[in-house]
Amino acid sequence: MVVMERLSWVALKLTQTKEHPRHQLYTEYHLVNKAAALLSSGYHSGTNTGRGTQHVTCGSVVKLFNAYYKVRLHSHDVKYGSGSGQQSVTGAPQQEDHNSNWLIRGTLKKPCQRGNPVACGETIRLQHLATRRNLHSHHFSSPLSDKQEISAFGEEGEGDSGDEWVVICDGEEWGRHQTIMLRHVDTDVYLGVTGQQYGRPINGQNEVVGLSRPGVQAKWQTMEGVFINPSQFSDDSRIFHDPSEL
């Protein structure tokens, strides 16, 4: 339980002020994350059934799952050999890989309140937790299917408007078990996956691209994650959902 508490505390502090050195927080996150993976799988809190526990909230760390290709949105410090040459983003079949963790943030112009449910139609950024770069797109061709390239961009979580995505979902707020789509603000493409897979050094991982039309390839659902509770409950409140599998 102590490991679970520490994992959520680190994710929480990453969304707050520079009270703690960010590079130390990221290092600690990975150490704690590895420790959590050693614990028995299938851990659930189930102790808080408040409004925030049913929604994806600002400041949460999540894995996004594409059910059509059965992969999680993934990145790593491997650059594309063509196109922009930026950090590659792929779909990985492994459930337990920490390189599939993404931190939900607001935009530079409109930060989101930590713990508040993300509204349908809200614009967010997804920061890759391990490398601190943001999910990004632009007018470069993807390497395998010649669709629009998706990359990870920026330094220390700060990039540009190409990092912004609109959450497309039914209802008022993004439900934790709800299927959603992500539409890129600058270019109007949808975050999606193709059936084509890379060879070395990322063998077996699917190509992630920007699609001009929505479809089953562009539908995502949150799976494992550390979900931050609405801030009005407590400055240090949070809910855990399978963090041992992060």
# chains A, B, ... in the order shown; residues from 1 in each chain; ligands from 1
>>> residues_around(residues="A:Glu207", least_positions_apart="2", cutoff="6 Å", atoms="only C-alpha atoms", output="ChimeraX atom specification")
/A:90,193-194,196-197
>>> residues_around(residues="A:Tyr68", least_positions_apart="3", cutoff="10 Å", atoms="only C-alpha atoms", output="ChimeraX atom specification")
/A:65,71,193-195,215-220
>>> write_last_selection(atoms="N, CA, C and O atoms", output="short mmCIF file (atom, residue, chain, number, x, y, z; two decimals), in the first residue's frame")
data_model
loop_
_atom_site.label_atom_id
_atom_site.label_comp_id
_atom_site.auth_asym_id
_atom_site.auth_seq_id
_atom_site.Cartn_x
_atom_site.Cartn_y
_atom_site.Cartn_z
N PHE A 65 -5.82 2.49 -24.61
CA PHE A 65 -5.89 1.20 -25.30
C PHE A 65 -6.72 1.31 -26.56
O PHE A 65 -7.84 1.83 -26.54
N VAL A 71 -3.61 -2.66 -28.79
CA VAL A 71 -2.32 -2.06 -28.42
C VAL A 71 -2.56 -0.83 -27.55
O VAL A 71 -3.63 -0.23 -27.58
N VAL A 193 -4.44 4.06 -35.31
CA VAL A 193 -3.44 3.00 -35.45
C VAL A 193 -3.64 2.32 -36.80
O VAL A 193 -4.76 2.21 -37.30
N THR A 194 -2.54 1.89 -37.42
CA THR A 194 -2.64 1.08 -38.63
C THR A 194 -2.21 -0.35 -38.32
O THR A 194 -1.63 -0.63 -37.27
N GLY A 195 -2.47 -1.26 -39.25
CA GLY A 195 -2.09 -2.66 -39.07
C GLY A 195 -0.63 -2.92 -39.40
O GLY A 195 -0.15 -4.05 -39.24
N GLY A 215 -12.89 6.41 -37.20
CA GLY A 215 -13.28 5.03 -37.41
C GLY A 215 -12.83 4.19 -36.23
O GLY A 215 -12.32 4.72 -35.23
N VAL A 216 -12.99 2.86 -36.35
CA VAL A 216 -12.64 1.99 -35.23
C VAL A 216 -11.15 2.05 -34.92
O VAL A 216 -10.73 1.83 -33.78
N GLN A 217 -10.33 2.37 -35.92
CA GLN A 217 -8.88 2.46 -35.69
C GLN A 217 -8.51 3.66 -34.83
O GLN A 217 -7.39 3.76 -34.35
N ALA A 218 -9.46 4.59 -34.67
CA ALA A 218 -9.19 5.83 -33.95
C ALA A 218 -9.91 5.90 -32.60
O ALA A 218 -10.06 6.97 -32.03
N LYS A 219 -10.34 4.75 -32.08
CA LYS A 219 -11.07 4.74 -30.82
C LYS A 219 -10.19 4.21 -29.70
O LYS A 219 -9.51 3.20 -29.85
N TRP A 220 -10.24 4.91 -28.56
CA TRP A 220 -9.37 4.63 -27.43
C TRP A 220 -10.15 4.55 -26.13
O TRP A 220 -11.21 5.15 -25.99
#
>>> residues_around(residues="stretch 117-130 of chain A", least_positions_apart="2", cutoff="6 Å", atoms="only C-alpha atoms", output="list of chain:residue names")
A:His55, A:Val56, A:Thr57, A:Asn101, A:Trp102, A:Leu103, A:Ile104, A:Arg105, A:Gly106, A:Thr107, A:Arg132, A:Arg133, A:Asn134, A:Leu135, A:Asp163, A:Glu164, A:Trp165, A:Val166, A:Val167, A:Ile168, A:Cys169, A:Glu172, A:Glu173, A:Trp174
>>> closest_residue(among="A:Pro201, A:Asp77, A:Gln95, A:Lys109", to="A:Val62", atoms="only C-alpha atoms")
A:Gln95
>>> residues_around(residues="A:Thr187", least_positions_apart="2", cutoff="12 Å", atoms="only C-alpha atoms", output="mmCIF file with C-alpha atoms, in the first residue's frame")
data_model
loop_
_atom_site.group_PDB
_atom_site.id
_atom_site.type_symbol
_atom_site.label_atom_id
_atom_site.label_comp_id
_atom_site.auth_asym_id
_atom_site.auth_seq_id
_atom_site.Cartn_x
_atom_site.Cartn_y
_atom_site.Cartn_z
ATOM 1 C CA HIS A 136 2.256 15.732 -31.225
ATOM 2 C CA SER A 137 1.365 15.858 -34.896
ATOM 3 C CA HIS A 138 2.186 17.975 -37.946
ATOM 4 C CA HIS A 139 2.238 17.795 -41.750
ATOM 5 C CA PHE A 140 4.825 15.046 -42.143
ATOM 6 C CA GLN A 148 0.102 11.787 -41.060
ATOM 7 C CA GLU A 149 2.971 11.320 -38.638
ATOM 8 C CA ILE A 150 2.425 11.245 -34.879
ATOM 9 C CA SER A 161 0.164 24.118 -30.440
ATOM 10 C CA GLY A 162 0.862 20.865 -32.294
ATOM 11 C CA ASP A 163 0.611 19.147 -28.898
ATOM 12 C CA GLU A 164 -3.084 19.952 -28.448
ATOM 13 C CA TRP A 165 -5.893 17.400 -28.832
ATOM 14 C CA VAL A 166 -9.665 17.660 -28.451
ATOM 15 C CA LEU A 182 -8.676 12.419 -29.974
ATOM 16 C CA ARG A 183 -8.767 15.068 -32.718
ATOM 17 C CA HIS A 184 -5.648 17.095 -33.421
ATOM 18 C CA VAL A 185 -6.342 20.827 -33.111
ATOM 19 C CA VAL A 189 -6.735 14.421 -37.959
ATOM 20 C CA TYR A 190 -7.751 11.710 -35.492
ATOM 21 C CA LEU A 191 -5.239 9.750 -33.437
ATOM 22 C CA GLY A 210 -3.207 10.783 -37.848
ATOM 23 C CA LEU A 211 -6.323 9.651 -39.741
ATOM 24 C CA SER A 212 -8.377 12.009 -41.872
ATOM 25 C CA ARG A 213 -11.620 10.224 -40.940
#
>>> closest_residue(among="A:Gly83, A:Gly157, A:Gly175, A:Gly59", to="A:Gln221", atoms="only C-alpha atoms")
A:Gly175
>>> closest_residue(among="A:Ser151, A:Ser88, A:Thr179, A:Ser141", to="A:Met223", atoms="only C-alpha atoms")
A:Thr179
